[in-house]
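Data file: structure.pdb. Format and content: PDB, C-alpha atoms, pLDDT in the B column.
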MODEL        1
ATOM      1  CA  MET A   1      25.800  -2.544 -58.213  1.00 60.00           C
ATOM      2  CA  THR A   2      25.221  -5.951 -56.606  1.00 71.00           C
ATOM      3  CA  GLY A   3      28.911  -6.647 -57.135  1.00 74.00           C
ATOM      4  CA  LEU A   4      29.795  -3.511 -55.224  1.00 77.00           C
ATOM      5  CA  GLY A   5      27.364  -4.414 -52.425  1.00 80.00           C
ATOM      6  CA  PHE A   6      28.872  -7.882 -52.197  1.00 78.00           C
ATOM      7  CA  SER A   7      32.398  -6.471 -52.003  1.00 76.00           C
ATOM      8  CA  ALA A   8      31.306  -4.090 -49.258  1.00 80.00           C
ATOM      9  CA  LEU A   9      29.721  -6.971 -47.354  1.00 81.00           C
ATOM     10  CA  LEU A  10      32.902  -9.048 -47.637  1.00 75.00           C
ATOM     11  CA  LEU A  11      34.904  -6.084 -46.376  1.00 76.00           C
ATOM     12  CA  ILE A  12      32.668  -5.602 -43.339  1.00 81.00           C
ATOM     13  CA  ILE A  13      32.776  -9.318 -42.494  1.00 78.00           C
ATOM     14  CA  GLY A  14      36.542  -9.284 -42.983  1.00 76.00           C
ATOM     15  CA  VAL A  15      37.106  -6.278 -40.728  1.00 78.00           C
ATOM     16  CA  PHE A  16      34.796  -7.534 -37.981  1.00 80.00           C
ATOM     17  CA  PHE A  17      35.866 -11.174 -37.742  1.00 80.00           C
ATOM     18  CA  GLY A  18      39.444 -10.510 -38.826  1.00 79.00           C
ATOM     19  CA  SER A  19      40.173  -8.020 -36.049  1.00 82.00           C
ATOM     20  CA  ARG A  20      38.456 -10.216 -33.447  1.00 85.00           C
ATOM     21  CA  ALA A  21      40.520 -13.225 -34.528  1.00 84.00           C
ATOM     22  CA  GLN A  22      43.678 -11.114 -34.499  1.00 86.00           C
ATOM     23  CA  LYS A  23      43.142  -9.920 -30.910  1.00 88.00           C
ATOM     24  CA  LYS A  24      42.493 -13.476 -29.785  1.00 89.00           C
ATOM     25  CA  HIS A  25      45.548 -14.774 -31.585  1.00 89.00           C
ATOM     26  CA  VAL A  26      47.894 -12.099 -30.188  1.00 91.00           C
ATOM     27  CA  ALA A  27      46.709 -12.898 -26.645  1.00 92.00           C
ATOM     28  CA  ASN A  28      47.196 -16.605 -27.324  1.00 92.00           C
ATOM     29  CA  LEU A  29      50.721 -15.987 -28.675  1.00 93.00           C
ATOM     30  CA  ALA A  30      51.698 -13.918 -25.647  1.00 93.00           C
ATOM     31  CA  ALA A  31      50.487 -16.619 -23.245  1.00 93.00           C
ATOM     32  CA  ARG A  32      52.332 -19.408 -25.051  1.00 93.00           C
ATOM     33  CA  GLU A  33      55.508 -17.331 -25.365  1.00 92.00           C
ATOM     34  CA  ALA A  34      55.422 -16.699 -21.622  1.00 93.00           C
ATOM     35  CA  ALA A  35      54.967 -20.428 -20.980  1.00 93.00           C
ATOM     36  CA  LEU A  36      57.991 -21.215 -23.178  1.00 92.00           C
ATOM     37  CA  SER A  37      60.200 -18.361 -21.984  1.00 91.00           C
ATOM     38  CA  HIS A  38      62.613 -20.848 -20.371  1.00 92.00           C
ATOM     39  CA  MET A  39      63.618 -22.117 -23.821  1.00 92.00           C
ATOM     40  CA  PHE A  40      66.937 -20.789 -25.128  1.00 92.00           C
ATOM     41  CA  VAL A  41      66.806 -19.928 -28.826  1.00 91.00           C
ATOM     42  CA  THR A  42      69.675 -18.766 -31.037  1.00 90.00           C
ATOM     43  CA  ASN A  43      70.506 -18.635 -34.721  1.00 88.00           C
ATOM     44  CA  LEU A  44      74.136 -19.521 -34.078  1.00 86.00           C
ATOM     45  CA  ARG A  45      75.576 -22.261 -36.248  1.00 84.00           C
ATOM     46  CA  THR A  46      77.588 -24.125 -33.659  1.00 81.00           C
ATOM     47  CA  LEU A  47      76.098 -26.415 -31.058  1.00 80.00           C
ATOM     48  CA  PRO A  48      77.183 -26.899 -27.468  1.00 80.00           C
ATOM     49  CA  ALA A  49      78.357 -30.425 -26.663  1.00 78.00           C
ATOM     50  CA  THR A  50      75.748 -32.817 -25.276  1.00 80.00           C
ATOM     51  CA  GLU A  51      75.480 -36.511 -24.628  1.00 79.00           C
ATOM     52  CA  LYS A  52      72.301 -37.150 -26.578  1.00 85.00           C
ATOM     53  CA  PRO A  53      72.198 -36.620 -30.347  1.00 88.00           C
ATOM     54  CA  PRO A  54      70.591 -33.368 -31.552  1.00 91.00           C
ATOM     55  CA  LEU A  55      67.130 -33.265 -33.068  1.00 92.00           C
ATOM     56  CA  LEU A  56      65.919 -31.331 -36.104  1.00 94.00           C
ATOM     57  CA  VAL A  57      62.686 -29.510 -35.201  1.00 95.00           C
ATOM     58  CA  THR A  58      60.272 -27.579 -37.409  1.00 95.00           C
ATOM     59  CA  GLY A  59      57.197 -25.417 -37.021  1.00 95.00           C
ATOM     60  CA  SER A  60      55.093 -24.043 -39.814  1.00 94.00           C
ATOM     61  CA  VAL A  61      51.926 -22.122 -40.508  1.00 93.00           C
ATOM     62  CA  VAL A  62      50.085 -21.163 -43.692  1.00 89.00           C
ATOM     63  CA  ILE A  63      48.276 -17.840 -43.499  1.00 87.00           C
ATOM     64  CA  ALA A  64      45.637 -16.371 -45.805  1.00 83.00           C
ATOM     65  CA  PHE A  65      46.023 -13.064 -47.568  1.00 77.00           C
ATOM     66  CA  ASP A  66      42.493 -11.957 -46.878  1.00 74.00           C
ATOM     67  CA  TYR A  67      40.183  -9.817 -48.933  1.00 73.00           C
ATOM     68  CA  PHE A  68      40.222  -6.827 -46.604  1.00 75.00           C
ATOM     69  CA  ARG A  69      44.014  -6.665 -46.404  1.00 76.00           C
ATOM     70  CA  ARG A  70      44.407  -6.984 -50.156  1.00 76.00           C
ATOM     71  CA  PHE A  71      41.853  -4.219 -50.623  1.00 78.00           C
ATOM     72  CA  ILE A  72      43.631  -1.781 -48.285  1.00 78.00           C
ATOM     73  CA  ALA A  73      47.058  -2.800 -49.571  1.00 79.00           C
ATOM     74  CA  GLY A  74      45.840  -1.971 -53.071  1.00 80.00           C
ATOM     75  CA  PHE A  75      45.260   1.615 -51.953  1.00 81.00           C
ATOM     76  CA  VAL A  76      48.531   1.919 -50.078  1.00 80.00           C
ATOM     77  CA  MET A  77      50.411   0.666 -53.136  1.00 79.00           C
ATOM     78  CA  LEU A  78      49.185   3.675 -55.099  1.00 82.00           C
ATOM     79  CA  VAL A  79      51.232   5.992 -52.925  1.00 82.00           C
ATOM     80  CA  GLY A  80      53.727   3.549 -51.417  1.00 81.00           C
ATOM     81  CA  GLY A  81      54.753   3.318 -47.791  1.00 79.00           C
ATOM     82  CA  ARG A  82      54.244   0.978 -44.885  1.00 81.00           C
ATOM     83  CA  ILE A  83      51.512  -1.622 -44.980  1.00 82.00           C
ATOM     84  CA  THR A  84      51.189  -2.152 -41.238  1.00 83.00           C
ATOM     85  CA  MET A  85      48.437  -4.754 -41.602  1.00 81.00           C
ATOM     86  CA  TYR A  86      50.766  -7.045 -43.500  1.00 83.00           C
ATOM     87  CA  GLU A  87      53.506  -6.344 -40.972  1.00 85.00           C
ATOM     88  CA  THR A  88      51.360  -7.539 -38.077  1.00 87.00           C
ATOM     89  CA  MET A  89      50.092 -10.493 -40.099  1.00 87.00           C
ATOM     90  CA  LEU A  90      53.593 -11.718 -40.947  1.00 89.00           C
ATOM     91  CA  ASP A  91      54.761 -11.040 -37.399  1.00 90.00           C
ATOM     92  CA  ARG A  92      51.939 -13.182 -36.018  1.00 91.00           C
ATOM     93  CA  ALA A  93      52.696 -15.963 -38.486  1.00 92.00           C
ATOM     94  CA  ARG A  94      56.391 -15.966 -37.671  1.00 93.00           C
ATOM     95  CA  ARG A  95      55.733 -16.067 -33.931  1.00 94.00           C
ATOM     96  CA  GLU A  96      53.244 -18.910 -34.426  1.00 95.00           C
ATOM     97  CA  ALA A  97      55.759 -20.901 -36.475  1.00 95.00           C
ATOM     98  CA  LEU A  98      58.481 -20.422 -33.847  1.00 95.00           C
ATOM     99  CA  LEU A  99      56.081 -21.406 -31.047  1.00 96.00           C
ATOM    100  CA  ARG A 100      55.188 -24.627 -32.855  1.00 96.00           C
ATOM    101  CA  LEU A 101      58.882 -25.359 -33.259  1.00 96.00           C
ATOM    102  CA  LEU A 102      59.483 -24.697 -29.559  1.00 96.00           C
ATOM    103  CA  GLU A 103      56.521 -26.847 -28.541  1.00 96.00           C
ATOM    104  CA  GLN A 104      57.940 -29.711 -30.598  1.00 95.00           C
ATOM    105  CA  ALA A 105      61.367 -29.189 -29.024  1.00 95.00           C
ATOM    106  CA  GLU A 106      59.935 -29.067 -25.509  1.00 95.00           C
ATOM    107  CA  ALA A 107      57.889 -32.222 -26.094  1.00 95.00           C
ATOM    108  CA  ALA A 108      61.176 -33.966 -26.965  1.00 94.00           C
ATOM    109  CA  GLY A 109      62.682 -32.764 -23.696  1.00 93.00           C
ATOM    110  CA  ALA A 110      64.891 -30.024 -25.129  1.00 93.00           C
ATOM    111  CA  ARG A 111      65.660 -26.698 -23.456  1.00 92.00           C
ATOM    112  CA  GLU A 112      67.702 -25.137 -26.243  1.00 92.00           C
ATOM    113  CA  VAL A 113      67.242 -24.679 -29.975  1.00 94.00           C
ATOM    114  CA  HIS A 114      70.108 -23.459 -32.134  1.00 93.00           C
ATOM    115  CA  ASN A 115      70.592 -22.322 -35.718  1.00 93.00           C
ATOM    116  CA  VAL A 116      66.942 -21.309 -36.116  1.00 94.00           C
ATOM    117  CA  ARG A 117      66.071 -20.307 -39.684  1.00 94.00           C
ATOM    118  CA  TYR A 118      62.917 -18.899 -41.216  1.00 94.00           C
ATOM    119  CA  GLU A 119      61.675 -19.709 -44.681  1.00 92.00           C
ATOM    120  CA  PHE A 120      58.859 -17.872 -46.469  1.00 91.00           C
ATOM    121  CA  SER A 121      57.001 -19.065 -49.555  1.00 88.00           C
ATOM    122  CA  ARG A 122      53.773 -18.325 -51.376  1.00 83.00           C
ATOM    123  CA  VAL A 123      51.251 -21.143 -51.776  1.00 80.00           C
ATOM    124  CA  GLY A 124      48.134 -21.443 -53.882  1.00 70.00           C
ATOM    125  CA  HIS A 125      46.692 -18.775 -56.140  1.00 67.00           C
ATOM    126  CA  THR A 126      47.928 -15.218 -56.226  1.00 61.00           C
ATOM    127  CA  THR A 127      44.477 -13.964 -55.332  1.00 62.00           C
ATOM    128  CA  LYS A 128      43.086 -16.846 -53.279  1.00 64.00           C
ATOM    129  CA  GLY A 129      46.196 -18.239 -51.712  1.00 69.00           C
ATOM    130  CA  GLY A 130      48.371 -17.566 -48.757  1.00 81.00           C
ATOM    131  CA  ALA A 131      51.919 -17.859 -47.589  1.00 86.00           C
ATOM    132  CA  GLU A 132      53.796 -20.407 -45.577  1.00 90.00           C
ATOM    133  CA  LEU A 133      56.131 -19.472 -42.779  1.00 93.00           C
ATOM    134  CA  LEU A 134      58.495 -22.251 -41.765  1.00 95.00           C
ATOM    135  CA  ALA A 135      60.859 -22.155 -38.806  1.00 96.00           C
ATOM    136  CA  TYR A 136      63.458 -24.854 -38.314  1.00 96.00           C
ATOM    137  CA  GLY A 137      66.386 -25.442 -36.052  1.00 95.00           C
ATOM    138  CA  THR A 138      68.378 -27.985 -34.080  1.00 94.00           C
ATOM    139  CA  ALA A 139      67.173 -28.861 -30.597  1.00 94.00           C
ATOM    140  CA  ILE A 140      69.616 -29.891 -27.891  1.00 91.00           C
ATOM    141  CA  ILE A 141      68.410 -32.427 -25.380  1.00 87.00           C
TER     142      ILE A 141
ATOM    143  CA  MET B   1      69.749 -41.208 -38.482  1.00 91.00           C
ATOM    144  CA  ILE B   2      70.779 -37.960 -36.781  1.00 92.00           C
ATOM    145  CA  LEU B   3      69.555 -34.808 -38.482  1.00 94.00           C
ATOM    146  CA  SER B   4      70.828 -31.327 -37.761  1.00 92.00           C
ATOM    147  CA  ASN B   5      70.877 -28.029 -39.574  1.00 92.00           C
ATOM    148  CA  THR B   6      74.204 -27.102 -38.046  1.00 90.00           C
ATOM    149  CA  GLU B   7      77.525 -27.688 -39.780  1.00 88.00           C
ATOM    150  CA  MET B   8      79.032 -29.690 -36.966  1.00 86.00           C
ATOM    151  CA  ILE B   9      77.677 -31.689 -34.077  1.00 87.00           C
ATOM    152  CA  ALA B  10      79.616 -31.153 -30.888  1.00 84.00           C
ATOM    153  CA  GLY B  11      80.711 -34.389 -29.255  1.00 85.00           C
ATOM    154  CA  TYR B  12      80.791 -36.207 -32.591  1.00 89.00           C
ATOM    155  CA  LYS B  13      83.535 -36.511 -35.176  1.00 90.00           C
ATOM    156  CA  VAL B  14      82.814 -36.709 -38.881  1.00 91.00           C
ATOM    157  CA  THR B  15      84.756 -39.684 -40.166  1.00 92.00           C
ATOM    158  CA  ASN B  16      83.478 -39.680 -43.733  1.00 91.00           C
ATOM    159  CA  HIS B  17      81.485 -37.449 -46.091  1.00 91.00           C
ATOM    160  CA  VAL B  18      79.161 -39.197 -48.532  1.00 91.00           C
ATOM    161  CA  GLY B  19      78.106 -36.026 -50.326  1.00 90.00           C
ATOM    162  CA  LEU B  20      74.866 -34.173 -50.919  1.00 93.00           C
ATOM    163  CA  VAL B  21      71.689 -36.028 -50.025  1.00 95.00           C
ATOM    164  CA  GLN B  22      68.259 -34.788 -50.987  1.00 93.00           C
ATOM    165  CA  GLY B  23      64.557 -35.469 -51.060  1.00 94.00           C
ATOM    166  CA  ASN B  24      61.691 -33.703 -52.748  1.00 92.00           C
ATOM    167  CA  THR B  25      57.966 -33.948 -53.294  1.00 92.00           C
ATOM    168  CA  VAL B  26      55.436 -31.934 -55.270  1.00 89.00           C
ATOM    169  CA  ARG B  27      51.980 -31.583 -53.791  1.00 84.00           C
ATOM    170  CA  ALA B  28      48.796 -30.103 -55.140  1.00 80.00           C
ATOM    171  CA  LYS B  29      45.976 -28.869 -52.963  1.00 71.00           C
ATOM    172  CA  HIS B  30      42.574 -30.473 -53.453  1.00 65.00           C
ATOM    173  CA  VAL B  31      39.226 -28.879 -54.129  1.00 58.00           C
ATOM    174  CA  GLY B  32      37.774 -29.195 -50.617  1.00 59.00           C
ATOM    175  CA  ARG B  33      40.773 -27.558 -49.046  1.00 64.00           C
ATOM    176  CA  ASP B  34      40.763 -24.883 -51.667  1.00 65.00           C
ATOM    177  CA  PHE B  35      37.124 -24.111 -50.931  1.00 65.00           C
ATOM    178  CA  MET B  36      37.874 -23.650 -47.226  1.00 67.00           C
ATOM    179  CA  ALA B  37      40.855 -21.516 -48.160  1.00 66.00           C
ATOM    180  CA  GLY B  38      38.507 -19.369 -50.248  1.00 67.00           C
ATOM    181  CA  LEU B  39      36.358 -18.757 -47.185  1.00 69.00           C
ATOM    182  CA  LYS B  40      39.383 -17.987 -45.062  1.00 69.00           C
ATOM    183  CA  ASN B  41      40.437 -15.410 -47.584  1.00 68.00           C
ATOM    184  CA  ILE B  42      37.485 -13.316 -46.493  1.00 70.00           C
ATOM    185  CA  VAL B  43      38.322 -13.150 -42.793  1.00 71.00           C
ATOM    186  CA  GLY B  44      42.014 -13.981 -42.804  1.00 75.00           C
ATOM    187  CA  GLY B  45      43.829 -16.246 -40.402  1.00 79.00           C
ATOM    188  CA  GLU B  46      45.472 -19.608 -40.682  1.00 85.00           C
ATOM    189  CA  LEU B  47      44.779 -21.999 -43.566  1.00 82.00           C
ATOM    190  CA  LYS B  48      44.923 -25.174 -41.457  1.00 84.00           C
ATOM    191  CA  GLY B  49      44.346 -27.505 -44.413  1.00 81.00           C
ATOM    192  CA  TYR B  50      47.382 -26.076 -46.186  1.00 83.00           C
ATOM    193  CA  THR B  51      49.508 -26.180 -43.048  1.00 87.00           C
ATOM    194  CA  GLU B  52      48.772 -29.903 -42.655  1.00 87.00           C
ATOM    195  CA  LEU B  53      49.311 -30.564 -46.352  1.00 86.00           C
ATOM    196  CA  LEU B  54      52.726 -28.930 -46.313  1.00 88.00           C
ATOM    197  CA  GLU B  55      53.701 -30.589 -43.017  1.00 90.00           C
ATOM    198  CA  ASP B  56      52.900 -33.995 -44.531  1.00 90.00           C
ATOM    199  CA  ALA B  57      54.761 -33.138 -47.693  1.00 91.00           C
ATOM    200  CA  ARG B  58      57.799 -31.928 -45.782  1.00 93.00           C
ATOM    201  CA  LYS B  59      57.852 -35.130 -43.766  1.00 94.00           C
ATOM    202  CA  GLU B  60      57.777 -37.170 -46.950  1.00 94.00           C
ATOM    203  CA  ALA B  61      60.586 -35.144 -48.524  1.00 95.00           C
ATOM    204  CA  THR B  62      62.622 -35.595 -45.323  1.00 96.00           C
ATOM    205  CA  ASP B  63      61.960 -39.358 -45.383  1.00 96.00           C
ATOM    206  CA  ARG B  64      63.217 -39.501 -48.969  1.00 95.00           C
ATOM    207  CA  MET B  65      66.342 -37.599 -47.996  1.00 96.00           C
ATOM    208  CA  ILE B  66      66.917 -40.036 -45.115  1.00 96.00           C
ATOM    209  CA  ALA B  67      66.458 -42.978 -47.516  1.00 96.00           C
ATOM    210  CA  ASP B  68      68.969 -41.376 -49.876  1.00 95.00           C
ATOM    211  CA  ALA B  69      71.463 -40.957 -47.024  1.00 95.00           C
ATOM    212  CA  HIS B  70      70.892 -44.566 -45.929  1.00 95.00           C
ATOM    213  CA  SER B  71      71.589 -45.882 -49.406  1.00 95.00           C
ATOM    214  CA  LYS B  72      74.852 -43.927 -49.462  1.00 94.00           C
ATOM    215  CA  GLY B  73      75.931 -45.355 -46.129  1.00 94.00           C
ATOM    216  CA  ALA B  74      75.576 -42.225 -43.985  1.00 95.00           C
ATOM    217  CA  ASN B  75      74.429 -42.295 -40.363  1.00 94.00           C
ATOM    218  CA  ALA B  76      73.770 -38.566 -40.035  1.00 94.00           C
ATOM    219  CA  ILE B  77      72.783 -35.581 -42.159  1.00 95.00           C
ATOM    220  CA  ILE B  78      74.220 -32.200 -41.277  1.00 93.00           C
ATOM    221  CA  ASN B  79      73.536 -28.685 -42.544  1.00 93.00           C
ATOM    222  CA  VAL B  80      69.957 -29.603 -43.508  1.00 95.00           C
ATOM    223  CA  ARG B  81      68.091 -26.893 -45.447  1.00 94.00           C
ATOM    224  CA  PHE B  82      64.425 -26.663 -46.394  1.00 93.00           C
ATOM    225  CA  SER B  83      63.107 -24.928 -49.448  1.00 91.00           C
ATOM    226  CA  THR B  84      59.579 -24.513 -50.796  1.00 87.00           C
ATOM    227  CA  SER B  85      58.667 -23.181 -54.191  1.00 85.00           C
ATOM    228  CA  ALA B  86      55.338 -22.661 -55.901  1.00 80.00           C
ATOM    229  CA  ILE B  87      55.675 -24.264 -59.326  1.00 78.00           C
ATOM    230  CA  THR B  88      52.211 -23.477 -60.632  1.00 75.00           C
ATOM    231  CA  ALA B  89      49.191 -21.757 -59.097  1.00 72.00           C
ATOM    232  CA  GLY B  90      48.029 -24.973 -57.413  1.00 71.00           C
ATOM    233  CA  ALA B  91      51.160 -26.939 -56.593  1.00 79.00           C
ATOM    234  CA  SER B  92      54.238 -26.534 -54.428  1.00 83.00           C
ATOM    235  CA  GLU B  93      57.535 -28.340 -54.370  1.00 88.00           C
ATOM    236  CA  LEU B  94      59.049 -29.188 -51.017  1.00 90.00           C
ATOM    237  CA  TYR B  95      62.768 -29.773 -51.189  1.00 92.00           C
ATOM    238  CA  VAL B  96      65.064 -30.865 -48.371  1.00 94.00           C
ATOM    239  CA  TYR B  97      68.812 -31.243 -48.732  1.00 95.00           C
ATOM    240  CA  GLY B  98      71.859 -31.690 -46.597  1.00 95.00           C
ATOM    241  CA  THR B  99      75.264 -33.317 -46.362  1.00 95.00           C
ATOM    242  CA  GLY B 100      75.335 -37.018 -45.613  1.00 95.00           C
ATOM    243  CA  VAL B 101      78.123 -37.949 -43.213  1.00 94.00           C
ATOM    244  CA  VAL B 102      79.350 -40.821 -41.133  1.00 95.00           C
ATOM    245  CA  ILE B 103      79.881 -39.682 -37.558  1.00 93.00           C
ATOM    246  CA  ALA B 104      81.291 -41.294 -34.463  1.00 90.00           C
ATOM    247  CA  GLN B 105      81.450 -40.180 -30.837  1.00 84.00           C
TER     248      GLN B 105
ENDMDL
END
Since I need it in another form, could you write the structure as structure tokens?
Amino acid sequence: MTGLGFSALLLIIGVFFGSRAQKKHVANLAAREAALSHMFVTNLRTLPATEKPPLLVTGSVVIAFDYFRRFIAGFVMLVGGRITMYETMLDRARREALLRLLEQAEAAGAREVHNVRYEFSRVGHTTKGGAELLAYGTAII
Amino acid sequence: MILSNTEMIAGYKVTNHVGLVQGNTVRAKHVGRDFMAGLKNIVGGELKGYTELLEDARKEATDRMIADAHSKGANAIINVRFSTSAITAGASELYVYGTGVVIAQ
């Protein structure tokens, strides 16, 4: 019974703080994306000619698979279908990774990044761990 | 050393290929970071400790790849690819590889 109470408490904490953090993060992402909207990003493999040598840039983020999401996902998996919470989580992580890449590129004086690739990998425990989203590409100065 | 994940660099000519160059590193998380990650797993969000750990590890793997390219006489690495794999529950391998080349303008 105490175990159940504890789980319920974790869920409530997760929902409350998780959704607050998510709202804040989405607003933060939108602001930074607007500030970097002058950057030109492609996943094309060929580079335009420039005088300065190109620069490899990366951006990464490790996100937690939290208790609340795993709990809900467990239910959804019984019947199958979309797990929208994971969709938004991965979307946020991918945007964050790309923004970090762009911030690195901009700091180096670049206005264009080409051949951008995303890499996804699990880290840590299956139950306690998270996932890493890595974005990398070639910046043109 | 010029690094790029494209197959060619415009404005430069590849005069010689030295072959595949690579660098790897395996990192384990430590207890303190894992504890914080445990807390984060309640509310969700970014695991900053892990992000830093993997950034460091990736930098080291890249440095090893650059050293490999140096020893083979290359002055640039093209078509660089990153790959991460979880080997056991607590450790990840960071692997970076590319083609070492000699380029000239």
Expand the PyMOL selection byres ((chain A and resi 57-68) around 8) into the individual residues it matches in the shown file, reporting them as a PyMOL selection string.
(chain A and resi 10-11+14-15+55-56+69-72+93+96-102+104-105+127-139) or (chain B and resi 37+40-48+50-51+55)
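In this comparison, which uses all atoms listed in the file, the residue of B:Ala69, B:Arg64, B:Tyr12, B:Ile2 approaching A:Thr50 most closely is B:Tyr12.
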One decimal, Å: what's the distance from atom CA of B:Lys29 over to atom CA of B:Tyr95, could you say?
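Interatomic distance here is 16.9 Å.
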Translate the PyMOL selection byres ((chain A and resi 54) around 12) into a concrete residue list for this structure, as a PyMOL selection string.
(chain A and resi 46-53+55-57+105+108-115+137-141) or (chain B and resi 1-6+8-12+76-78)
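The gap separating atom CA of A:Ile13 from atom CA of A:Glu87 is 21.0 Å, in Å to one decimal.
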Do you know which residues the PyMOL selection byres ((chain B and resi 86) around 10) returns on this file, as an MDAnalysis selection string?
(chainID A and resid 121:125) or (chainID B and resid 26:28 84:85 87:94)
Contacts of A:Gln22 at 10 Å or less, counting only C-alpha atoms, minus same-chain residues fewer than 5 places along, as a list in words?
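Surrounding residues, per the criterion: Phe17, Ala27, Asn28, Thr88, Met89 and Arg92 of chain A; Gly44 and Gly45 of chain B.
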Just-selected residues, C-alpha atoms written as a PDB file, keeping the file's coordinate frame:
ATOM      1  CA  PHE A  17      35.866 -11.174 -37.742  1.00 80.00           C
ATOM      2  CA  ALA A  27      46.709 -12.898 -26.645  1.00 92.00           C
ATOM      3  CA  ASN A  28      47.196 -16.605 -27.324  1.00 92.00           C
ATOM      4  CA  THR A  88      51.360  -7.539 -38.077  1.00 87.00           C
ATOM      5  CA  MET A  89      50.092 -10.493 -40.099  1.00 87.00           C
ATOM      6  CA  ARG A  92      51.939 -13.182 -36.018  1.00 91.00           C
TER       7      ARG A  92
ATOM      8  CA  GLY B  44      42.014 -13.981 -42.804  1.00 75.00           C
ATOM      9  CA  GLY B  45      43.829 -16.246 -40.402  1.00 79.00           C
TER      10      GLY B  45
END
Let me make sure I understand: among B:Val14, B:Glu7, B:Ala104, B:Gly98, which one has the smallest atom-to-atom distance to B:Ile66 if we use only C-alpha atoms?
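Distance minimum relative to B:Ile66 lands on B:Gly98.
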Two-atom distance - atom CA of B:Ile103, atom CA of B:Thr15 (Å):
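For atom CA of B:Ile103 relative to atom CA of B:Thr15, the distance reads 5.5 Å.
In this comparison, which uses all atoms listed in the file, the residue of A:Asp91, A:Glu119, A:Glu103, A:Glu33 approaching chain B most closely is A:Glu119.
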Which residue of A:Glu106, A:Asn43, A:Ala34, A:Gly5 approaches chain B most closely, using only C-alpha atoms
A:Asn43
Which one is closest to chain A: B:Val101, B:Ala67, B:Val18, B:Val80? Count all atoms listed in the file.
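So, comparing all the options, the nearest one is B:Val80.
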